[in-house]
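Trainee: Structure file start36.tsv (TSV, C-alpha atoms) is given on the next line.
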chain	number	residue	atom	x	y	z
A	1	MET	CA	0.00	0.00	0.00
A	2	THR	CA	2.05	2.92	-1.29
A	3	ARG	CA	0.17	6.01	-0.22
A	4	GLN	CA	0.19	8.95	2.11
A	5	LEU	CA	-1.80	8.72	5.30
A	6	LEU	CA	-3.25	11.89	6.75
A	7	ILE	CA	-3.21	11.63	10.53
A	8	GLY	CA	-5.25	13.99	12.67
A	9	SER	CA	-4.02	15.22	16.04
A	10	ARG	CA	-4.52	18.04	18.47
A	11	GLY	CA	-1.91	20.71	17.91
A	12	SER	CA	-0.36	20.85	21.37
A	13	THR	CA	3.30	19.99	21.82
A	14	LEU	CA	2.39	16.86	23.77
A	15	ALA	CA	-0.25	15.71	21.27
A	16	LEU	CA	2.15	16.12	18.36
A	17	ALA	CA	4.87	14.25	20.24
A	18	GLN	CA	2.45	11.38	20.79
A	19	THR	CA	1.36	11.38	17.17
A	20	ASN	CA	4.96	11.32	15.98
A	21	GLU	CA	5.46	8.17	18.08
A	22	ILE	CA	2.78	6.52	15.98
A	23	VAL	CA	4.25	7.88	12.74
A	24	ARG	CA	7.64	6.37	13.58
A	25	ALA	CA	6.10	3.03	14.52
A	26	LEU	CA	4.13	2.88	11.27
A	27	HIS	CA	7.17	3.84	9.20
A	28	GLU	CA	9.21	1.05	10.77
A	29	LEU	CA	6.57	-1.50	9.85
A	30	ALA	CA	5.67	-0.07	6.45
A	31	PRO	CA	8.49	2.10	5.02
A	32	ASP	CA	6.55	2.63	1.80
A	33	VAL	CA	3.75	4.43	3.66
A	34	SER	CA	4.31	8.12	4.28
A	35	CYS	CA	2.43	10.00	6.96
A	36	ARG	CA	1.40	13.62	7.16
A	37	VAL	CA	0.23	14.98	10.50
A	38	ILE	CA	-2.74	17.36	10.34
A	39	PRO	CA	-3.13	19.49	13.50
A	40	ILE	CA	-6.80	20.03	14.31
A	41	LYS	CA	-8.09	22.51	16.85
A	42	THR	CA	-10.78	21.07	19.10
A	43	LYS	CA	-13.38	22.94	21.12
A	44	GLY	CA	-11.40	22.09	24.25
A	45	ASP	CA	-8.37	23.88	22.81
A	46	THR	CA	-10.37	27.11	22.45
A	47	LEU	CA	-11.68	27.16	26.01
A	48	HIS	CA	-10.09	29.26	28.70
A	49	ASP	CA	-8.58	27.35	31.63
A	50	LYS	CA	-11.56	28.01	33.90
A	51	GLU	CA	-13.97	26.90	31.18
A	52	GLN	CA	-12.00	23.68	30.73
A	53	SER	CA	-12.21	22.97	34.45
A	54	SER	CA	-16.02	22.84	34.27
A	55	VAL	CA	-16.26	20.61	31.19
A	56	ASP	CA	-17.79	17.21	31.96
A	57	SER	CA	-17.35	15.56	28.55
A	58	LYS	CA	-14.11	14.29	27.07
A	59	SER	CA	-15.51	14.79	23.58
A	60	VAL	CA	-14.57	18.49	23.62
A	61	PHE	CA	-10.99	17.33	23.01
A	62	THR	CA	-11.81	14.79	20.30
A	63	LYS	CA	-15.04	15.67	18.43
A	64	GLU	CA	-13.54	17.85	15.70
A	65	ILE	CA	-10.85	15.24	15.02
A	66	GLU	CA	-13.41	12.45	14.88
A	67	ASP	CA	-15.63	14.55	12.60
A	68	ALA	CA	-12.69	14.98	10.22
A	69	LEU	CA	-12.11	11.23	10.30
A	70	LEU	CA	-15.75	10.45	9.51
A	71	ALA	CA	-15.64	12.98	6.64
A	72	SER	CA	-12.52	11.24	5.25
A	73	GLU	CA	-10.51	14.47	5.59
A	74	ILE	CA	-7.99	12.31	7.49
A	75	GLN	CA	-7.48	8.55	7.53
A	76	LEU	CA	-6.30	8.12	11.14
A	77	ALA	CA	-6.56	10.00	14.41
A	78	VAL	CA	-4.20	9.73	17.36
A	79	HIS	CA	-5.43	10.44	20.87
A	80	SER	CA	-4.36	10.05	24.45
A	81	LEU	CA	-6.58	7.11	25.28
A	82	LYS	CA	-7.71	8.79	28.48
A	83	ASP	CA	-9.25	11.57	26.34
A	84	LEU	CA	-11.51	9.22	24.38
A	85	THR	CA	-15.11	8.73	25.46
A	86	THR	CA	-15.94	5.16	26.44
A	87	ASP	CA	-18.49	4.98	23.61
A	88	LEU	CA	-17.06	5.95	20.22
A	89	PRO	CA	-19.07	7.66	17.47
A	90	SER	CA	-20.80	5.26	15.10
A	91	GLY	CA	-18.51	4.19	12.28
A	92	LEU	CA	-15.24	4.59	14.18
A	93	THR	CA	-13.04	2.05	15.91
A	94	ILE	CA	-9.85	2.02	17.92
A	95	ALA	CA	-7.73	0.31	15.29
A	96	ALA	CA	-4.65	-0.03	17.49
A	97	ILE	CA	-3.44	0.55	21.02
A	98	PRO	CA	0.37	0.40	21.14
A	99	LYS	CA	2.27	-0.71	24.20
A	100	ARG	CA	1.42	1.50	27.12
A	101	ALA	CA	3.95	3.98	28.45
A	102	ASP	CA	4.29	4.68	32.18
A	103	HIS	CA	0.82	4.62	33.75
A	104	ARG	CA	1.80	6.45	36.94
A	105	ASP	CA	1.37	10.01	38.11
A	106	ALA	CA	4.46	11.96	39.10
A	107	LEU	CA	5.08	14.49	41.84
A	108	ILE	CA	7.20	17.52	40.99
A	109	SER	CA	8.32	19.61	43.97
A	110	ARG	CA	10.15	22.94	44.04
A	111	LYS	CA	12.10	21.86	47.11
A	112	LYS	CA	12.42	18.22	46.03
A	113	TRP	CA	10.04	17.05	48.77
A	114	ARG	CA	8.81	13.51	48.27
A	115	PHE	CA	5.15	12.89	49.02
A	116	GLU	CA	5.67	11.75	52.59
A	117	GLU	CA	8.03	14.70	53.18
A	118	LEU	CA	5.52	17.39	52.22
A	119	PRO	CA	4.89	19.53	55.32
A	120	GLY	CA	1.37	19.99	56.63
A	121	GLY	CA	-0.43	22.63	54.61
A	122	ALA	CA	1.86	22.21	51.61
A	123	ARG	CA	0.18	23.49	48.45
A	124	VAL	CA	-0.19	20.81	45.76
A	125	GLY	CA	-1.45	21.94	42.36
A	126	THR	CA	-3.85	19.90	40.25
A	127	SER	CA	-7.05	20.47	38.29
A	128	SER	CA	-8.01	16.78	38.35
A	129	PRO	CA	-10.81	15.64	40.69
A	130	ARG	CA	-9.26	12.17	40.61
A	131	ARG	CA	-5.90	13.45	41.83
A	132	ARG	CA	-7.45	15.87	44.33
A	133	THR	CA	-9.49	13.20	46.06
A	134	GLN	CA	-6.67	10.68	46.29
A	135	LEU	CA	-4.20	13.28	47.54
A	136	LEU	CA	-6.62	14.30	50.30
A	137	ALA	CA	-7.46	10.69	51.13
A	138	ALA	CA	-3.76	9.98	51.67
A	139	ARG	CA	-2.87	13.34	53.24
A	140	SER	CA	-5.83	15.33	54.54
A	141	ASP	CA	-3.37	17.96	55.83
A	142	LEU	CA	-2.43	19.08	52.31
A	143	THR	CA	-3.81	22.17	50.60
A	144	ILE	CA	-4.95	21.46	47.05
A	145	GLU	CA	-4.61	24.39	44.66
A	146	GLU	CA	-6.46	24.55	41.34
A	147	MET	CA	-3.77	24.19	38.68
A	148	LEU	CA	-4.84	24.65	35.06
A	149	GLY	CA	-3.01	24.87	31.76
A	150	ASN	CA	-0.71	22.66	29.71
A	151	VAL	CA	2.42	21.01	31.09
A	152	ASP	CA	4.71	23.98	30.41
A	153	THR	CA	2.23	26.40	31.99
A	154	ARG	CA	1.91	24.29	35.12
A	155	LEU	CA	5.67	23.97	35.47
A	156	ARG	CA	6.05	27.74	35.15
A	157	LYS	CA	3.40	28.26	37.82
A	158	LEU	CA	5.22	25.83	40.09
A	159	ASP	CA	8.58	27.52	39.53
A	160	SER	CA	7.03	30.94	40.25
A	161	GLY	CA	5.99	29.76	43.72
A	162	ILE	CA	2.22	29.55	43.21
A	163	CYS	CA	2.36	26.13	44.82
A	164	ASP	CA	4.92	23.80	46.42
A	165	SER	CA	4.34	20.75	44.22
A	166	ILE	CA	2.27	19.65	41.27
A	167	VAL	CA	1.10	16.25	40.01
A	168	LEU	CA	1.31	15.37	36.32
A	169	ALA	CA	1.20	12.19	34.23
A	170	ALA	CA	4.63	10.57	34.06
A	171	ALA	CA	4.08	9.48	30.45
A	172	GLY	CA	3.41	13.01	29.27
A	173	LEU	CA	6.53	14.31	30.98
A	174	ALA	CA	8.60	11.56	29.37
A	175	ARG	CA	7.21	12.30	25.91
A	176	LEU	CA	8.18	15.94	26.36
A	177	GLY	CA	11.69	15.06	27.57
A	178	LEU	CA	10.95	16.37	31.07
A	179	THR	CA	11.55	13.25	33.16
A	180	LYS	CA	14.37	15.01	35.03
A	181	ARG	CA	11.79	17.34	36.57
A	182	ILE	CA	10.13	14.44	38.40
A	183	THR	CA	10.72	14.30	42.15
A	184	GLU	CA	8.85	11.04	42.73
A	185	PHE	CA	6.81	8.54	40.76
A	186	LEU	CA	3.69	8.07	42.85
A	187	SER	CA	2.83	4.50	43.72
A	188	THR	CA	-0.62	3.28	42.69
A	189	LYS	CA	-1.14	2.57	46.40
A	190	ILE	CA	-1.35	6.36	46.76
A	191	MET	CA	-2.53	7.45	43.33
A	192	LEU	CA	-4.43	5.25	40.90
A	193	PRO	CA	-4.20	6.68	37.36
A	194	ALA	CA	-6.88	7.92	35.01
A	195	ILE	CA	-8.59	5.38	32.79
A	196	GLY	CA	-6.14	4.53	30.01
A	197	GLN	CA	-3.41	6.83	31.31
A	198	GLY	CA	-0.12	6.37	29.47
A	199	ALA	CA	-1.74	4.62	26.49
A	200	LEU	CA	-2.36	5.99	23.00
A	201	ALA	CA	-5.28	5.16	20.73
A	202	VAL	CA	-5.16	5.14	16.95
A	203	GLU	CA	-8.69	5.64	15.64
A	204	ALA	CA	-9.88	4.75	12.15
A	205	LYS	CA	-13.09	4.22	10.19
A	206	ILE	CA	-14.55	0.75	10.51
A	207	ASN	CA	-15.25	0.61	6.76
A	208	ASP	CA	-11.59	1.20	5.86
A	209	PRO	CA	-10.27	-2.34	6.43
A	210	GLU	CA	-6.99	-1.80	4.56
A	211	ILE	CA	-5.93	0.96	6.93
A	212	VAL	CA	-7.25	-0.85	9.99
A	213	LYS	CA	-5.21	-3.92	9.00
A	214	LEU	CA	-2.06	-1.83	8.58
A	215	VAL	CA	-2.45	0.00	11.88
A	216	ARG	CA	-3.30	-3.18	13.76
A	217	ARG	CA	0.33	-4.20	13.31
A	218	ILE	CA	1.40	-1.77	16.06
A	219	GLU	CA	-1.15	-3.20	18.49
A	220	ASP	CA	-0.08	-4.47	21.92
A	221	GLN	CA	-2.59	-7.08	23.04
A	222	ALA	CA	-1.73	-6.86	26.74
A	223	THR	CA	-2.33	-3.11	26.73
A	224	ARG	CA	-5.57	-3.58	24.79
A	225	ARG	CA	-6.91	-6.08	27.33
A	226	ALA	CA	-5.95	-3.85	30.25
A	227	VAL	CA	-7.49	-0.63	28.95
A	228	GLU	CA	-10.65	-2.41	27.77
A	229	ALA	CA	-11.18	-3.49	31.37
A	230	GLU	CA	-10.55	0.05	32.64
A	231	ARG	CA	-12.90	1.62	30.10
A	232	ALA	CA	-15.63	-0.91	30.90
A	233	PHE	CA	-15.20	-0.04	34.59
A	234	ALA	CA	-15.74	3.66	33.85
A	235	ARG	CA	-18.66	2.97	31.50
A	236	LYS	CA	-20.45	0.85	34.09
A	237	LEU	CA	-20.11	3.62	36.68
A	238	GLY	CA	-21.45	6.22	34.23
A	239	ALA	CA	-18.34	8.32	34.70
A	240	ASN	CA	-17.37	11.50	32.87
A	241	CYS	CA	-14.10	13.43	32.91
A	242	ARG	CA	-15.04	15.27	36.14
A	243	THR	CA	-15.99	12.10	38.04
A	244	PRO	CA	-13.41	11.20	40.73
A	245	ILE	CA	-12.78	7.61	39.69
A	246	ALA	CA	-9.58	5.79	38.76
A	247	ALA	CA	-8.51	2.34	37.65
A	248	TYR	CA	-5.43	0.48	36.57
A	249	ALA	CA	-5.42	-2.96	34.97
A	250	SER	CA	-2.48	-5.11	33.94
A	251	VAL	CA	-1.87	-8.54	32.49
A	252	GLN	CA	0.03	-10.69	34.97
A	253	PRO	CA	2.90	-13.07	34.07
A	254	ASP	CA	0.48	-16.01	34.32
A	255	GLY	CA	-1.90	-14.36	31.84
A	256	GLN	CA	-4.49	-13.32	34.40
A	257	LEU	CA	-5.89	-9.79	34.35
A	258	ALA	CA	-5.67	-7.75	37.55
A	259	ILE	CA	-7.58	-4.51	37.99
A	260	ASP	CA	-7.61	-2.02	40.86
A	261	GLY	CA	-10.39	0.58	40.93
A	262	MET	CA	-11.41	3.57	43.02
A	263	VAL	CA	-14.44	5.81	43.52
A	264	SER	CA	-14.26	8.85	45.77
A	265	SER	CA	-16.16	11.86	47.01
A	266	SER	CA	-14.77	15.22	45.91
A	267	ASP	CA	-13.16	15.89	49.31
A	268	GLY	CA	-11.53	12.47	49.60
A	269	ARG	CA	-13.35	11.68	52.84
A	270	MET	CA	-15.38	8.87	51.29
A	271	LEU	CA	-13.30	6.57	49.14
A	272	LEU	CA	-14.01	3.05	48.01
A	273	ARG	CA	-11.31	0.93	46.45
A	274	SER	CA	-11.34	-2.67	45.35
A	275	GLN	CA	-9.26	-5.14	43.34
A	276	LEU	CA	-10.15	-8.07	41.14
A	277	VAL	CA	-8.09	-10.78	39.43
A	278	SER	CA	-9.60	-12.87	36.64
A	279	ASP	CA	-8.47	-15.15	33.85
A	280	GLY	CA	-8.88	-12.12	31.59
A	281	SER	CA	-10.65	-13.88	28.73
A	282	GLU	CA	-13.33	-11.17	28.80
A	283	PRO	CA	-11.58	-7.92	29.80
A	284	LYS	CA	-14.72	-5.81	29.54
A	285	ARG	CA	-16.57	-8.15	31.87
A	286	VAL	CA	-13.70	-7.94	34.36
A	287	GLY	CA	-14.01	-4.15	34.48
A	288	GLU	CA	-17.79	-4.34	34.79
A	289	ASN	CA	-17.53	-6.85	37.63
A	290	LEU	CA	-15.22	-4.56	39.56
A	291	ALA	CA	-17.59	-1.63	39.05
A	292	GLU	CA	-20.52	-3.74	40.21
A	293	SER	CA	-18.56	-4.69	43.31
A	294	LEU	CA	-18.02	-1.04	44.18
A	295	LEU	CA	-21.64	-0.14	43.41
A	296	ASN	CA	-22.76	-2.88	45.80
A	297	LYS	CA	-20.53	-1.32	48.46
A	298	GLY	CA	-22.11	2.13	48.09
A	299	ALA	CA	-20.28	3.71	45.16
A	300	GLN	CA	-23.52	5.16	43.80
A	301	PHE	CA	-23.98	7.18	46.98
A	302	ILE	CA	-20.40	8.48	46.79
A	303	LEU	CA	-20.73	9.39	43.12
A	304	GLY	CA	-23.90	11.28	43.91
A	305	ALA	CA	-22.14	13.22	46.65
A	306	ALA	CA	-19.23	13.98	44.28
Take the structure in this file and express it as structure tokens.
Mentor:
Amino acid sequence: MTRQLLIGSRGSTLALAQTNEIVRALHELAPDVSCRVIPIKTKGDTLHDKEQSSVDSKSVFTKEIEDALLASEIQLAVHSLKDLTTDLPSGLTIAAIPKRADHRDALISRKKWRFEELPGGARVGTSSPRRRTQLLAARSDLTIEEMLGNVDTRLRKLDSGICDSIVLAAAGLARLGLTKRITEFLSTKIMLPAIGQGALAVEAKINDPEIVKLVRRIEDQATRRAVEAERAFARKLGANCRTPIAAYASVQPDGQLAIDGMVSSSDGRMLLRSQLVSDGSEPKRVGENLAESLLNKGAQFILGAA
């Protein structure tokens, strides 16, 4: 298939870095296929920081790209998997999920304080309800500051003294060459990640089997199984991007699928967390079972309070 593929992406530095990962992977597998990245501005990119903080739908960061894909203006779209809604628009499919990068969150401190070293009242910046609730559940003595903007903006705010530490996704920092800024990789015992964090999704049209077949070659089956369980967990709970939930699934050496999930109130005072290990033959069912377990323990009440 000698042709040029038009690949849609958000235009941020991080989004383009992620998309270029996919371009390199495709070129290695199919040197005769050239790729052209088309930056597309989404509604989420036009919102001011405070407007973004009130958005409850992930589609504001993907809709325009998916519309371009459905209109055949592009042949592929690359997303951070955590930005994709759990139900895709009709006619689209996640053609490939490459091997996941680091799933963890990272703490960056001005004074190089690790999490347990943060003094009482220390100001930790984040705009994520998921991070806020887990930080407060682990350390109710911390002060959580609203921290909006892209990675560079948040780092500048940290360096200017607006807060003492910030929490960002480790994978994003690595893709931007900023790993040296990390003070500590936060254990999932403290901070479960967002659904699909660290993974990328390559989206295509279902009725374009030639392209789907090509892209499928960069698929990592273990990552696919894990994130399918996480996404099913979120779907079952009826979560949106402002819901304080988290989950991380992984394929174990023996082939079983382990998933750890969390639901919390917005202040971190009510937090339910549970784990499940299954043979993993039906990843979506594994995620749904974990969600049902939390719902039976009162998750619906906590989600209502959040």
Trainee: Which residues of stretch 159-214 of chain A come within 9 Å of stretch 123-145 of chain A, and what is each one's closest atom pair and distance in Å (one decimal), counting all atoms listed in the file, sorted by chain and residue number, as a Markdown table?
Mentor:
| residue | atom | partner | partner_atom | distance |
| --- | --- | --- | --- | --- |
| A:Ile162 | CA | A:Arg123 | CA | 8.3 |
| A:Cys163 | CA | A:Arg123 | CA | 5.0 |
| A:Asp164 | CA | A:Arg123 | CA | 5.2 |
| A:Ser165 | CA | A:Val124 | CA | 4.8 |
| A:Ile166 | CA | A:Gly125 | CA | 4.5 |
| A:Val167 | CA | A:Thr126 | CA | 6.2 |
| A:Leu168 | CA | A:Thr126 | CA | 7.9 |
| A:Ile190 | CA | A:Ala138 | CA | 6.6 |
| A:Met191 | CA | A:Gln134 | CA | 6.0 |
| A:Leu192 | CA | A:Gln134 | CA | 8.0 |
| A:Pro193 | CA | A:Arg130 | CA | 8.1 |
| A:Ala194 | CA | A:Arg130 | CA | 7.4 |
Trainee: Those same residues, written as a PDB file, in the frame of the given file with C-alpha atoms?
Mentor:
ATOM      1  CA  ILE A 162       2.220  29.550  43.210  1.00  0.00           C
ATOM      2  CA  CYS A 163       2.360  26.130  44.820  1.00  0.00           C
ATOM      3  CA  ASP A 164       4.920  23.800  46.420  1.00  0.00           C
ATOM      4  CA  SER A 165       4.340  20.750  44.220  1.00  0.00           C
ATOM      5  CA  ILE A 166       2.270  19.650  41.270  1.00  0.00           C
ATOM      6  CA  VAL A 167       1.100  16.250  40.010  1.00  0.00           C
ATOM      7  CA  LEU A 168       1.310  15.370  36.320  1.00  0.00           C
ATOM      8  CA  ILE A 190      -1.350   6.360  46.760  1.00  0.00           C
ATOM      9  CA  MET A 191      -2.530   7.450  43.330  1.00  0.00           C
ATOM     10  CA  LEU A 192      -4.430   5.250  40.900  1.00  0.00           C
ATOM     11  CA  PRO A 193      -4.200   6.680  37.360  1.00  0.00           C
ATOM     12  CA  ALA A 194      -6.880   7.920  35.010  1.00  0.00           C
TER      13      ALA A 194
END
Trainee: I want to know what sits within 9 Å of stretch 209-212 of chain A, based on only C-alpha atoms, with residues of the same chain fewer than 6 positions away left out; could you give that as a ChimeraX atom specification?
Mentor: /A:1,5,75-76,93-96,203
Trainee: Would you kindly return, as an mmCIF file with C-alpha atoms, in the frame of the given file, each protein, DNA or RNA residue with an atom no farther than 8 Å from any atom of A:His79, considering only C-alpha atoms and excluding same-chain residues fewer than 6 positions away?
Mentor:
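Result file selection_30.cif:
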data_model
loop_
_atom_site.group_PDB
_atom_site.id
_atom_site.type_symbol
_atom_site.label_atom_id
_atom_site.label_comp_id
_atom_site.auth_asym_id
_atom_site.auth_seq_id
_atom_site.Cartn_x
_atom_site.Cartn_y
_atom_site.Cartn_z
ATOM 1 C CA SER A 9 -4.020 15.220 16.040
ATOM 2 C CA ALA A 15 -0.250 15.710 21.270
ATOM 3 C CA GLN A 18 2.450 11.380 20.790
ATOM 4 C CA THR A 19 1.360 11.380 17.170
ATOM 5 C CA THR A 62 -11.810 14.790 20.300
ATOM 6 C CA LEU A 200 -2.360 5.990 23.000
ATOM 7 C CA ALA A 201 -5.280 5.160 20.730
ATOM 8 C CA VAL A 202 -5.160 5.140 16.950
ATOM 9 C CA GLU A 203 -8.690 5.640 15.640
#
Trainee: If you count only C-alpha atoms, which residues fall within 8 Å of stretch 22-35 of chain A, apart from same-chain ones fewer than 4 positions away, as a PyMOL selection string?
Mentor: chain A and resi 1-7+18+78+215+217-218
Trainee: Which of these residues is nearest to A:Glu64, using only C-alpha atoms: A:Ala77, A:Ala106, A:Leu158, A:Ala246?
Mentor: A:Ala77
Trainee: Can you report as AutoDock Vina command-line options the centre and edge lengths in Å, to one decimal, of an axis-aligned box around the listed atoms of stretch 176-192 of chain A padded with 4 Å on each side?
Mentor:
--center_x 5.0 --center_y 10.0 --center_z 36.6 --size_x 26.8 --size_y 22.8 --size_z 28.4
Trainee: Go through A:Leu295, A:Leu257, A:Leu186, A:Val37 one by one, measure the shortest atom-to-atom distance of each to A:Asp279 using only C-alpha atoms, and give the residue with the smallest value.
Mentor: A:Leu257
Trainee: Please return stretch 210-223 of chain A, rebuilt to N, CA and C atoms, as a short mmCIF file (atom, residue, chain, number, x, y, z; two decimals), in the coordinates of the input.
Mentor:
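Dumped to part_8.cif:
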data_model
loop_
_atom_site.label_atom_id
_atom_site.label_comp_id
_atom_site.auth_asym_id
_atom_site.auth_seq_id
_atom_site.Cartn_x
_atom_site.Cartn_y
_atom_site.Cartn_z
N GLU A 210 -8.39 -1.79 4.95
CA GLU A 210 -6.99 -1.80 4.56
C GLU A 210 -6.15 -1.02 5.57
N ILE A 211 -6.66 0.14 5.96
CA ILE A 211 -5.93 0.96 6.93
C ILE A 211 -5.98 0.34 8.31
N VAL A 212 -7.14 -0.19 8.68
CA VAL A 212 -7.25 -0.85 9.99
C VAL A 212 -6.26 -2.00 10.08
N LYS A 213 -6.13 -2.78 9.01
CA LYS A 213 -5.21 -3.92 9.00
C LYS A 213 -3.77 -3.46 9.15
N LEU A 214 -3.42 -2.37 8.47
CA LEU A 214 -2.06 -1.83 8.58
C LEU A 214 -1.77 -1.38 10.00
N VAL A 215 -2.68 -0.58 10.55
CA VAL A 215 -2.45 0.00 11.88
C VAL A 215 -2.45 -1.07 12.96
N ARG A 216 -3.22 -2.12 12.76
CA ARG A 216 -3.30 -3.18 13.76
C ARG A 216 -1.93 -3.80 14.04
N ARG A 217 -1.00 -3.60 13.14
CA ARG A 217 0.33 -4.20 13.31
C ARG A 217 1.11 -3.57 14.46
N ILE A 218 0.71 -2.38 14.92
CA ILE A 218 1.40 -1.77 16.06
C ILE A 218 0.65 -2.00 17.37
N GLU A 219 -0.33 -2.87 17.31
CA GLU A 219 -1.15 -3.20 18.49
C GLU A 219 -0.34 -3.96 19.54
N ASP A 220 -0.61 -3.68 20.81
CA ASP A 220 -0.08 -4.47 21.92
C ASP A 220 -1.27 -5.10 22.63
N GLN A 221 -1.40 -6.40 22.53
CA GLN A 221 -2.59 -7.08 23.04
C GLN A 221 -2.74 -6.95 24.55
N ALA A 222 -1.64 -6.98 25.27
CA ALA A 222 -1.73 -6.86 26.74
C ALA A 222 -2.28 -5.50 27.13
N THR A 223 -1.82 -4.45 26.44
CA THR A 223 -2.33 -3.11 26.73
C THR A 223 -3.81 -3.03 26.36
#
